[in-house]
>>> print(open('coords.cif').read())   # mmCIF, C-alpha atoms
data_final
loop_
_atom_site.label_atom_id
_atom_site.label_comp_id
_atom_site.auth_asym_id
_atom_site.auth_seq_id
_atom_site.Cartn_x
_atom_site.Cartn_y
_atom_site.Cartn_z
CA MET M 15 25.75 25.00 6.81
CA HIS M 16 24.29 28.08 8.45
CA VAL M 17 23.69 28.83 12.11
CA ILE M 18 20.03 29.22 13.05
CA ARG M 19 19.30 31.15 16.22
CA ILE M 20 15.83 30.80 17.77
CA GLU M 21 15.08 33.78 19.97
CA GLY M 22 13.04 33.25 23.10
CA GLU M 23 13.24 32.65 26.83
CA SER M 24 15.95 30.04 26.37
CA GLU M 25 17.85 30.89 23.22
CA ILE M 26 18.74 27.94 21.00
CA GLU M 27 21.23 27.63 18.15
CA PHE M 28 21.62 24.82 15.65
CA ARG M 29 23.06 24.28 12.20
CA CYS M 30 21.03 23.81 9.03
CA ARG M 31 21.98 23.00 5.43
CA GLU M 32 20.70 25.13 2.55
CA ASP M 33 18.66 22.22 1.16
CA GLU M 34 17.01 21.38 4.48
CA SER M 35 14.11 23.26 6.03
CA ILE M 36 14.72 24.86 9.41
CA LEU M 37 11.92 22.77 10.90
CA SER M 38 13.44 19.58 9.51
CA ALA M 39 16.89 20.42 10.96
CA GLN M 40 15.29 21.19 14.32
CA GLU M 41 13.40 17.88 14.34
CA ARG M 42 16.45 15.87 13.22
CA LEU M 43 18.42 17.33 16.12
CA GLY M 44 15.65 16.62 18.63
CA ILE M 45 15.10 20.33 19.38
CA ARG M 46 11.56 21.48 20.18
CA ALA M 47 11.74 25.26 19.93
CA ILE M 48 9.23 25.53 17.07
CA ARG M 49 5.99 23.53 17.06
CA VAL M 50 5.90 20.73 14.47
CA GLY M 51 2.67 20.21 12.52
CA CYS M 52 2.24 18.94 8.97
CA ARG M 53 5.79 19.91 7.84
CA SER M 54 4.24 20.77 4.48
CA GLY M 55 3.22 24.42 4.54
CA GLY M 56 -0.46 23.76 5.18
CA CYS M 57 -1.31 23.87 8.89
CA GLY M 58 0.48 26.96 10.24
CA ALA M 59 1.83 25.28 13.39
CA CYS M 60 5.45 26.28 12.71
CA ARG M 61 4.79 29.96 11.90
CA VAL M 62 7.88 32.06 12.63
CA GLN M 63 9.21 35.56 12.03
CA VAL M 64 12.71 35.92 10.62
CA THR M 65 14.42 38.85 12.35
CA ALA M 66 17.80 38.69 10.60
CA GLY M 67 19.39 36.85 7.69
CA GLN M 68 18.67 35.64 4.16
CA HIS M 69 16.43 32.71 3.28
CA ALA M 70 14.49 30.97 0.51
CA SER M 71 10.89 29.72 0.85
CA GLY M 72 8.63 27.00 -0.53
CA PRO M 73 4.85 27.01 -1.05
CA ILE M 74 2.79 27.90 2.05
CA SER M 75 -0.92 28.34 2.79
CA ARG M 76 -1.83 32.02 2.54
CA ALA M 77 -4.29 31.47 5.39
CA PHE M 78 -1.32 31.69 7.77
CA VAL M 79 1.12 34.04 6.03
CA ASP M 80 -0.20 36.55 3.48
CA ALA M 81 2.08 38.41 1.07
CA GLU M 82 2.40 41.46 3.33
CA GLU M 83 3.28 39.33 6.37
CA GLN M 84 5.82 37.45 4.28
CA SER M 85 7.48 40.77 3.35
CA GLN M 86 7.78 41.43 7.11
CA GLY M 87 9.69 38.16 7.57
CA PHE M 88 6.82 35.90 8.61
CA SER M 89 6.92 32.40 7.21
CA LEU M 90 6.48 28.74 8.07
CA ALA M 91 9.68 27.06 9.30
CA CYS M 92 8.87 23.89 7.35
CA ARG M 93 9.21 25.88 4.11
CA LEU M 94 12.15 28.07 5.16
CA TYR M 95 15.63 27.32 3.80
CA PRO M 96 18.63 29.32 5.07
CA ARG M 97 20.88 31.29 2.71
CA SER M 98 22.89 32.87 5.55
CA ASN M 99 22.96 32.64 9.33
CA LEU M 100 19.41 33.34 10.53
CA SER M 101 17.68 34.67 13.62
CA LEU M 102 14.02 33.94 14.07
CA LYS M 103 11.30 33.62 16.67
CA ALA M 104 8.15 31.52 16.93
CA ALA M 105 5.07 33.51 15.83
CA PRO M 106 2.09 31.14 16.06
CA LYS M 107 -1.20 32.44 14.66
CA ILE M 108 -3.20 29.55 16.02
CA LYS M 109 -3.26 29.09 19.76
CA ALA M 110 -1.49 26.16 21.38
CA PRO M 111 -3.95 23.30 21.71
CA SER M 112 -5.90 22.60 24.84
CA LEU M 113 -6.55 18.91 25.13
CA PRO M 114 -9.18 17.51 27.47
CA ALA M 115 -7.60 16.74 30.83
CA PRO M 116 -7.76 13.05 31.70
CA THR M 117 -9.59 12.15 34.87
CA ASP M 118 -8.46 9.62 37.40
CA ARG M 119 -10.32 6.38 36.92
CA PRO M 120 -11.26 4.31 33.89
CA THR M 121 -14.88 3.31 33.37
CA ARG M 122 -15.81 0.51 31.05
CA ASP M 123 -18.34 -2.27 30.79
CA ASP M 124 -15.85 -4.62 32.49
CA GLU M 125 -14.84 -2.18 35.19
CA HIS M 126 -14.61 -4.93 37.80
CA ILE M 127 -11.51 -6.45 36.17
CA THR M 128 -9.53 -3.20 35.96
CA THR M 129 -6.72 -2.83 38.45
CA MET T 21 -32.24 -3.34 5.99
CA ALA T 22 -31.33 -2.85 2.37
CA MET T 23 -29.05 0.10 1.66
CA THR T 24 -31.12 2.94 0.24
CA GLY T 25 -30.92 6.72 -0.01
CA VAL T 26 -27.32 7.82 0.63
CA LEU T 27 -25.08 4.92 -0.43
CA ARG T 28 -21.48 5.95 0.23
CA PRO T 29 -18.85 8.69 -0.02
CA GLY T 30 -18.38 9.39 -3.73
CA TYR T 31 -15.78 12.13 -4.00
CA ILE T 32 -13.82 14.65 -1.99
CA GLN T 33 -12.21 17.82 -3.31
CA ILE T 34 -9.01 18.92 -1.57
CA ARG T 35 -7.02 22.12 -2.10
CA VAL T 36 -3.29 21.66 -2.74
CA LEU T 37 -0.44 24.15 -2.94
CA ASP T 38 1.85 22.41 -5.42
CA ARG T 39 0.33 20.46 -8.31
CA GLU T 40 3.35 18.31 -9.16
CA ALA T 41 4.17 17.47 -5.54
CA ALA T 42 0.51 16.56 -4.94
CA LEU T 43 0.46 14.22 -7.94
CA LYS T 44 3.62 12.49 -6.77
CA HIS T 45 1.98 11.96 -3.37
CA TYR T 46 -1.47 10.78 -4.46
CA VAL T 47 -0.31 8.77 -7.49
CA ASP T 48 3.20 7.43 -6.73
CA ILE T 49 2.85 7.06 -2.95
CA LEU T 50 -0.86 6.40 -2.31
CA GLY T 51 -1.34 4.46 -5.53
CA LEU T 52 -4.20 6.40 -7.15
CA SER T 53 -4.45 6.94 -10.92
CA VAL T 54 -5.06 10.21 -12.75
CA VAL T 55 -8.36 10.16 -14.65
CA SER T 56 -8.16 13.66 -16.13
CA SER T 57 -6.66 17.11 -15.70
CA GLU T 58 -9.13 19.85 -16.57
CA GLU T 59 -8.66 23.39 -17.83
CA ASP T 60 -9.83 24.92 -14.55
CA GLY T 61 -6.82 23.29 -12.87
CA ARG T 62 -8.65 20.50 -11.09
CA ILE T 63 -7.16 17.01 -11.29
CA TYR T 64 -9.44 13.97 -11.04
CA LEU T 65 -8.12 10.70 -9.61
CA LYS T 66 -9.40 7.29 -8.59
CA ALA T 67 -8.35 4.24 -6.62
CA TRP T 68 -8.03 0.88 -8.34
CA ASP T 69 -11.10 -0.86 -6.89
CA GLU T 70 -13.58 1.92 -7.62
CA PHE T 71 -16.18 1.56 -10.39
CA ASP T 72 -17.04 5.24 -10.81
CA ARG T 73 -15.02 7.70 -12.88
CA HIS T 74 -13.28 9.52 -10.02
CA SER T 75 -13.22 9.88 -6.25
CA ILE T 76 -10.43 12.32 -5.40
CA ILE T 77 -10.30 15.83 -6.82
CA LEU T 78 -7.26 18.03 -6.25
CA ARG T 79 -7.65 21.78 -6.72
CA PRO T 80 -4.33 23.66 -6.87
CA THR T 81 -4.54 27.05 -5.11
CA ASP T 82 -2.64 29.03 -2.46
CA ASN T 83 -4.49 27.72 0.59
CA ALA T 84 -4.64 24.03 1.57
CA GLY T 85 -7.74 22.30 2.97
CA PHE T 86 -11.21 20.97 2.26
CA ASP T 87 -13.61 22.13 -0.47
CA VAL T 88 -16.40 19.57 -0.53
CA ILE T 89 -17.36 15.93 0.04
CA GLY T 90 -20.00 14.33 -2.19
CA PHE T 91 -22.12 11.31 -1.29
CA LYS T 92 -23.67 9.09 -3.94
CA VAL T 93 -27.41 8.42 -3.58
CA ASP T 94 -29.31 5.56 -5.17
CA SER T 95 -31.45 7.52 -7.65
CA ASP T 96 -32.50 10.91 -8.92
CA ALA T 97 -35.76 10.40 -7.03
CA SER T 98 -33.69 10.30 -3.84
CA LEU T 99 -32.08 13.62 -4.79
CA VAL T 100 -35.55 15.13 -5.11
CA GLU T 101 -36.59 13.68 -1.77
CA PHE T 102 -33.40 14.77 0.04
CA GLU T 103 -33.80 18.29 -1.35
CA ARG T 104 -37.30 18.43 0.14
CA ARG T 105 -36.11 17.10 3.49
CA ILE T 106 -33.13 19.49 3.66
CA LYS T 107 -35.41 22.45 2.95
CA ASP T 108 -37.94 21.20 5.52
CA TYR T 109 -35.09 21.12 8.05
CA GLY T 110 -34.52 24.80 7.31
CA TYR T 111 -31.28 24.64 5.34
CA LYS T 112 -30.69 26.21 1.94
CA VAL T 113 -30.07 23.88 -1.01
CA ASP T 114 -27.58 24.85 -3.70
CA HIS T 115 -27.74 23.27 -7.17
CA VAL T 116 -24.78 22.26 -9.31
CA ALA T 117 -25.51 21.48 -12.96
CA ALA T 118 -24.60 18.15 -14.54
CA GLY T 119 -21.11 18.27 -16.07
CA GLU T 120 -19.61 20.78 -13.64
CA GLN T 121 -17.43 17.84 -12.68
CA PRO T 122 -16.71 15.77 -15.79
CA GLY T 123 -18.92 12.70 -15.98
CA VAL T 124 -21.07 13.65 -12.98
CA GLY T 125 -24.81 14.33 -13.11
CA ARG T 126 -26.65 17.08 -11.28
CA ARG T 127 -25.72 17.63 -7.65
CA ILE T 128 -27.40 19.26 -4.69
CA ALA T 129 -25.35 20.90 -1.96
CA VAL T 130 -25.87 22.04 1.60
CA GLN T 131 -23.63 23.82 4.09
CA VAL T 132 -23.92 22.01 7.42
CA ALA T 133 -23.55 23.66 10.82
CA SER T 134 -19.83 22.82 11.02
CA GLY T 135 -19.23 25.02 7.97
CA HIS T 136 -18.59 22.17 5.52
CA ARG T 137 -20.15 21.80 2.09
CA ILE T 138 -21.83 18.42 1.65
CA GLU T 139 -23.07 17.39 -1.79
CA LEU T 140 -25.32 14.59 -3.02
CA PHE T 141 -25.32 13.14 -6.53
CA ALA T 142 -26.97 10.14 -8.19
CA GLU T 143 -25.08 9.70 -11.43
CA MET T 144 -21.42 9.34 -12.31
CA GLU T 145 -19.90 7.83 -15.45
CA GLY T 146 -18.30 4.45 -14.98
CA SER T 147 -14.53 4.26 -14.98
CA GLU T 148 -12.67 3.10 -18.08
CA THR T 149 -10.38 1.18 -15.74
CA ALA T 150 -13.13 -0.17 -13.47
CA PRO T 151 -12.46 -3.50 -11.75
CA PRO T 152 -13.32 -6.54 -13.90
CA VAL T 153 -16.70 -8.14 -13.16
CA TYR T 154 -16.89 -11.20 -15.46
CA ASN T 155 -14.84 -14.10 -14.05
CA PRO T 156 -12.98 -11.26 -12.42
CA ASP T 157 -9.31 -11.32 -11.59
CA ILE T 158 -8.54 -9.70 -8.26
CA TRP T 159 -7.46 -6.52 -10.06
CA ARG T 160 -7.10 -5.26 -13.61
CA ASP T 161 -3.74 -3.47 -13.25
CA VAL T 162 -1.25 -4.37 -10.54
CA PRO T 163 -1.75 -1.94 -7.63
CA HIS T 164 1.21 0.37 -7.08
CA GLY T 165 2.48 2.46 -4.17
CA MET T 166 0.41 1.88 -1.04
CA GLY T 167 -2.24 0.29 -3.25
CA ALA T 168 -5.15 2.34 -1.87
CA ILE T 169 -8.29 0.27 -2.54
CA ARG T 170 -10.85 3.06 -2.30
CA PHE T 171 -11.60 6.51 -0.91
CA ASP T 172 -13.21 5.49 2.37
CA HIS T 173 -14.18 8.42 4.60
CA ALA T 174 -13.19 11.86 5.86
CA LEU T 175 -12.90 13.51 9.28
CA LEU T 176 -13.89 17.16 9.47
CA TYR T 177 -13.45 19.74 12.25
CA GLY T 178 -15.91 22.52 13.00
CA PRO T 179 -18.46 23.95 15.46
CA ASN T 180 -22.02 22.77 16.24
CA VAL T 181 -21.33 19.06 16.21
CA ASP T 182 -24.68 18.43 17.98
CA GLU T 183 -26.52 20.06 15.09
CA VAL T 184 -24.40 18.19 12.53
CA LEU T 185 -25.38 14.93 14.23
CA ASP T 186 -29.05 15.91 14.22
CA PHE T 187 -28.95 16.85 10.53
CA PHE T 188 -27.09 13.76 9.32
CA THR T 189 -29.28 11.35 11.26
CA LYS T 190 -32.69 13.04 10.76
CA VAL T 191 -32.31 14.34 7.20
CA LEU T 192 -29.75 12.11 5.47
CA ASP T 193 -30.59 8.90 7.42
CA PHE T 194 -27.03 8.33 8.66
CA SER T 195 -26.52 6.39 11.90
CA LEU T 196 -24.28 7.31 14.80
CA THR T 197 -21.90 4.41 15.44
CA GLU T 198 -19.58 5.90 18.05
CA LYS T 199 -19.15 9.16 19.96
CA VAL T 200 -16.96 11.00 22.47
CA GLU T 201 -18.86 12.69 25.30
CA LEU T 202 -16.89 15.05 27.54
CA PRO T 203 -18.21 16.68 30.73
CA ASP T 204 -18.83 19.86 28.70
CA GLY T 205 -20.64 18.09 25.88
CA LEU T 206 -20.30 16.15 22.66
CA LEU T 207 -16.72 16.27 21.27
CA ALA T 208 -16.80 13.90 18.31
CA ILE T 209 -19.16 11.75 16.23
CA TRP T 210 -18.67 8.86 13.80
CA LEU T 211 -21.49 8.53 11.27
CA THR T 212 -22.28 5.78 8.79
CA CYS T 213 -24.68 5.49 5.86
CA SER T 214 -23.67 1.85 5.35
CA THR T 215 -22.30 -0.99 7.44
CA LYS T 216 -18.88 0.66 7.82
CA ALA T 217 -17.69 1.96 11.19
CA HIS T 218 -17.83 5.44 9.62
CA ASP T 219 -18.44 7.13 6.30
CA ILE T 220 -17.83 10.58 7.78
CA ALA T 221 -16.80 11.88 11.19
CA PHE T 222 -16.80 15.28 12.90
CA VAL T 223 -14.85 16.74 15.82
CA LYS T 224 -15.90 19.90 17.65
CA HIS T 225 -13.62 22.83 16.85
CA PRO T 226 -14.16 26.61 17.04
CA GLU T 227 -13.11 27.38 13.46
CA PRO T 228 -15.61 26.21 10.80
CA GLY T 229 -14.85 24.21 7.67
CA LYS T 230 -11.55 22.68 8.81
CA PHE T 231 -10.11 19.46 7.43
CA HIS T 232 -8.56 16.70 9.54
CA HIS T 233 -8.05 13.85 7.08
CA VAL T 234 -9.09 11.90 4.03
CA SER T 235 -8.90 8.14 4.45
CA PHE T 236 -8.11 5.33 2.04
CA PHE T 237 -8.92 1.69 2.62
CA LEU T 238 -6.18 -0.97 2.57
CA GLU T 239 -6.50 -4.74 2.63
CA ASP T 240 -4.84 -5.68 5.90
CA TRP T 241 -2.28 -4.88 8.60
CA ASN T 242 0.56 -5.94 6.30
CA ALA T 243 -0.57 -3.34 3.79
CA VAL T 244 -0.51 -0.71 6.55
CA GLY T 245 3.05 -1.83 7.30
CA HIS T 246 3.95 -1.51 3.62
CA ALA T 247 2.48 2.01 3.65
CA ALA T 248 4.76 2.78 6.62
CA ASP T 249 7.76 1.48 4.65
CA LEU T 250 6.93 3.81 1.76
CA ILE T 251 6.44 6.78 4.10
CA THR T 252 9.96 6.39 5.45
CA ARG T 253 11.58 5.39 2.14
CA PHE T 254 10.24 8.49 0.39
CA ASN T 255 10.50 10.86 3.39
CA VAL T 256 6.76 11.49 3.52
CA SER T 257 5.77 13.66 6.51
CA LEU T 258 4.56 11.13 9.11
CA ASP T 259 1.94 12.04 11.69
CA ILE T 260 1.52 8.80 13.66
CA GLY T 261 1.44 5.04 13.18
CA PRO T 262 1.23 2.27 12.34
CA THR T 263 -1.17 1.93 15.24
CA ARG T 264 -4.80 1.16 16.03
CA HIS T 265 -7.79 3.22 17.05
CA GLY T 266 -9.92 2.15 20.00
CA ILE T 267 -12.68 4.12 18.28
CA THR T 268 -13.72 2.11 15.17
CA ARG T 269 -10.90 -0.42 15.95
CA GLY T 270 -9.28 0.53 12.63
CA GLN T 271 -5.58 -0.26 12.09
CA THR T 272 -4.00 2.83 10.69
CA ILE T 273 -1.19 5.16 9.72
CA TYR T 274 -1.48 8.94 9.28
CA PHE T 275 0.73 11.15 7.16
CA PHE T 276 0.58 14.50 5.41
CA ASP T 277 0.39 15.34 1.73
CA PRO T 278 2.89 17.96 0.42
CA SER T 279 0.34 20.70 1.20
CA GLY T 280 -0.22 19.59 4.79
CA ASN T 281 -3.54 17.83 4.23
CA ARG T 282 -3.61 14.74 6.43
CA CYS T 283 -4.10 11.35 4.76
CA GLU T 284 -4.89 8.03 6.41
CA THR T 285 -4.47 4.52 5.09
CA TYR T 286 -6.27 1.99 7.24
CA CYS T 287 -7.80 -1.46 7.41
CA GLY T 288 -10.16 -3.35 9.68
CA GLY T 289 -12.70 -1.58 11.81
CA THR T 290 -16.04 -2.59 13.23
CA THR T 291 -19.09 -3.48 11.16
CA TYR T 292 -22.29 -1.56 11.81
CA TYR T 293 -25.88 -2.82 11.73
CA PRO T 294 -28.86 -0.62 12.54
CA ASP T 295 -29.84 -2.69 15.60
CA GLN T 296 -26.53 -2.01 17.36
CA PRO T 297 -26.06 0.38 20.28
CA VAL T 298 -23.79 3.43 20.01
CA ARG T 299 -20.29 2.96 21.43
CA VAL T 300 -19.43 5.76 23.85
CA TRP T 301 -16.05 7.16 24.97
CA ASP T 302 -15.43 9.76 27.64
CA ASP T 303 -12.49 11.75 28.95
CA LYS T 304 -11.34 8.92 31.20
CA GLU T 305 -10.19 6.68 28.34
CA LEU T 306 -10.07 9.02 25.37
CA GLY T 307 -6.34 8.42 24.83
CA LYS T 308 -7.05 4.72 24.31
CA GLY T 309 -10.01 5.56 22.10
CA ILE T 310 -7.91 7.65 19.78
CA PHE T 311 -4.74 5.52 19.75
CA TYR T 312 -5.21 2.15 21.39
CA TYR T 313 -1.51 1.33 21.64
CA GLU T 314 -0.15 4.73 22.68
CA ARG T 315 -3.05 5.33 25.15
CA ALA T 316 -2.29 9.05 25.31
CA LEU T 317 -3.78 12.11 23.69
CA ASN T 318 -1.65 13.40 20.89
CA ASP T 319 -1.34 17.13 20.40
CA ARG T 320 -0.43 17.06 16.71
CA PHE T 321 -3.05 14.48 15.73
CA LEU T 322 -5.85 16.29 17.52
CA THR T 323 -5.06 19.88 16.64
CA VAL T 324 -3.08 20.15 13.39
CA LEU T 325 -5.55 20.89 10.58
CA THR T 326 -5.81 22.44 7.14
#
>>> encode(input="coords.cif", output="structure tokens")
Amino acid sequence: MHVIRIEGESEIEFRCREDESILSAQERLGIRAIRVGCRSGGCGACRVQVTAGQHASGPISRAFVDAEEQSQGFSLACRLYPRSNLSLKAAPKIKAPSLPAPTDRPTRDDEHITT
Amino acid sequence: MAMTGVLRPGYIQIRVLDREAALKHYVDILGLSVVSSEEDGRIYLKAWDEFDRHSIILRPTDNAGFDVIGFKVDSDASLVEFERRIKDYGYKVDHVAAGEQPGVGRRIAVQVASGHRIELFAEMEGSETAPPVYNPDIWRDVPHGMGAIRFDHALLYGPNVDEVLDFFTKVLDFSLTEKVELPDGLLAIWLTCSTKAHDIAFVKHPEPGKFHHVSFFLEDWNAVGHAADLITRFNVSLDIGPTRHGITRGQTIYFFDPSGNRCETYCGGTTYYPDQPVRVWDDKELGKGIFYYERALNDRFLTVLT
């Protein structure tokens, strides 16, 4: 087990096995420091930058982390496996989503029976 | 109205990062069968109840997502006619020679305003493992995994959804079955070329050519439950479900392939006839429209794409 430290406004630490991705350990422990997307290297939601420590990686979409960025420590947390204690920070390339804001009152054909 | 012109979704080509992991997902979990692996790396698969040679094409590369969806038309004469109509609309038509995909005749292709490549074809070889047709048993080989019955539809994300709607309805004779209208305009459209609730759908998104999901048809709600059992048993990355959509009324579960491409297995859904009005959703009840049981907008479902 290695200690994973997520840098940020409120610093978080948790433990992760070598055969478990950092994103998977975070999810299993109910921590929400890194955004969870497809968990499979394809969507880029969990893009991070490793600032210290050794790690192994699995296949990831080059649309989100090219070879040069990977050499600078960028990766996707769902495909990142610790080989020592690690420090990393969230580094999203895609903006956090903006969902349409719900308005106050439902409207349907049968509006008269809504409460 | 008899079904003419564009008949149905025929194939979809999806980019995958890891060939072996993808095969395990689409064959062992979803229940498809491999038809052939070609020298260019592409793998051709089919579901058990499909008559044509293949429906799902996996292309291993270093970037996940959508390459192309192909719709089958009723005849070569329709290909000629659609080419004329596409050109009259002002779009460029690309030609793909017969045999570029094994067993498939000539294709025409167009890039629509959302940035997606849409192809039309009239001919595909029949499958060697096609469903029986003479005093037919319910299936030839016992379905395995989730038992996906057929490739059903896809949902794509990109800009210019108004223009996509105009093109699909005016040029390809699709019908709009359902839509989401927000105060700032059209957000999403469900389009059919048949009597299904949708054969293809689009959601407005700034980046062109993005892929939301490929969907496979299942028999019933129990089959969706069985799919959920497999997802947990084999630690497949779950998105959401089992649940139901208000939009289309489909009963569904969403999960990701090992490259992050979203898959859906679903059953049910409304039936469309050309005399029906369009169902309309707005921002007041969109949560219920998207997931009828959860009744809340879901960040990951709406915004995680390949």
>>> atom_distance(input="coords.cif", atom1="atom CA of Ile158 of chain T", atom2="atom CA of Ser214 of chain T")
23.4 Å
>>> residues_near_point(input="coords.cif", point="(20.2, 31.5, 0.1)", cutoff="8 Å", atoms="only C-alpha atoms", output="count of residues only")
8
>>> atom_distance(input="coords.cif", atom1="atom CA of Ala129 of chain T", atom2="atom CA of Phe194 of chain T")
16.5 Å
>>> atom_distance(input="coords.cif", atom1="atom CA of Val36 of chain T", atom2="atom CA of Glu59 of chain T")
16.1 Å
>>> resolve_selection(input="coords.cif", expression="the PyMOL selection byres ((chain M and resi 52) around 7)", output="PyMOL selection string")
(chain M and resi 50-51+53-54+56-57) or (chain T and resi 257+276+280)
>>> resolve_selection(input="coords.cif", expression="the PyMOL selection byres ((chain M and resi 106) around 8)", output="list in words")
Gly58, Ala59, Cys60, Arg61, Val62, Ala104, Ala105, Lys107, Ile108 and Lys109 of chain M
>>> resolve_selection(input="coords.cif", expression="the PyMOL selection byres ((chain T and resi 132) around 9)", output="PDB file with C-alpha atoms, in the frame of the given file")
ATOM      1  CA  TYR T 111     -31.280  24.640   5.340  1.00  0.00           C
ATOM      2  CA  VAL T 130     -25.870  22.040   1.600  1.00  0.00           C
ATOM      3  CA  GLN T 131     -23.630  23.820   4.090  1.00  0.00           C
ATOM      4  CA  ALA T 133     -23.550  23.660  10.820  1.00  0.00           C
ATOM      5  CA  SER T 134     -19.830  22.820  11.020  1.00  0.00           C
ATOM      6  CA  GLY T 135     -19.230  25.020   7.970  1.00  0.00           C
ATOM      7  CA  HIS T 136     -18.590  22.170   5.520  1.00  0.00           C
ATOM      8  CA  ARG T 137     -20.150  21.800   2.090  1.00  0.00           C
ATOM      9  CA  ILE T 138     -21.830  18.420   1.650  1.00  0.00           C
ATOM     10  CA  GLU T 183     -26.520  20.060  15.090  1.00  0.00           C
ATOM     11  CA  VAL T 184     -24.400  18.190  12.530  1.00  0.00           C
ATOM     12  CA  PHE T 187     -28.950  16.850  10.530  1.00  0.00           C
TER      13      PHE T 187
END
>>> closest_residue(input="coords.cif", among="T:Pro226, T:Gly125, T:Pro294, T:Pro156", to="chain M", atoms="all atoms listed in the file")
T:Pro226
>>> closest_residue(input="coords.cif", among="T:Arg264, T:His246, T:His225, T:His115", to="chain M", atoms="all atoms listed in the file")
T:His225
>>> residues_around(input="coords.cif", residues="segment 161-172 of chain T", least_positions_apart="3", cutoff="7 Å", atoms="all atoms listed in the file", output="number ranges by chain")
T: 29, 48-52, 67-70, 75, 219, 235-238, 246-247
>>> write_last_selection(input="coords.cif", atoms="C-alpha atoms", output="tab-separated table (two decimals), in the frame of the given file")
chain	number	residue	atom	x	y	z
T	29	PRO	CA	-18.85	8.69	-0.02
T	48	ASP	CA	3.20	7.43	-6.73
T	49	ILE	CA	2.85	7.06	-2.95
T	50	LEU	CA	-0.86	6.40	-2.31
T	51	GLY	CA	-1.34	4.46	-5.53
T	52	LEU	CA	-4.20	6.40	-7.15
T	67	ALA	CA	-8.35	4.24	-6.62
T	68	TRP	CA	-8.03	0.88	-8.34
T	69	ASP	CA	-11.10	-0.86	-6.89
T	70	GLU	CA	-13.58	1.92	-7.62
T	75	SER	CA	-13.22	9.88	-6.25
T	219	ASP	CA	-18.44	7.13	6.30
T	235	SER	CA	-8.90	8.14	4.45
T	236	PHE	CA	-8.11	5.33	2.04
T	237	PHE	CA	-8.92	1.69	2.62
T	238	LEU	CA	-6.18	-0.97	2.57
T	246	HIS	CA	3.95	-1.51	3.62
T	247	ALA	CA	2.48	2.01	3.65
>>> interface_residues(input="coords.cif", of="chain T", to="chain M", cutoff="6 Å", atoms="all atoms listed in the file", output="MDAnalysis selection string")
chainID T and resid 82:84 276 278:280 303:304 324:326
>>> closest_residue(input="coords.cif", among="M:Leu43, M:Ile36, M:Ile26, M:Ile18", to="Arg93 of chain M", atoms="all atoms listed in the file")
M:Ile36
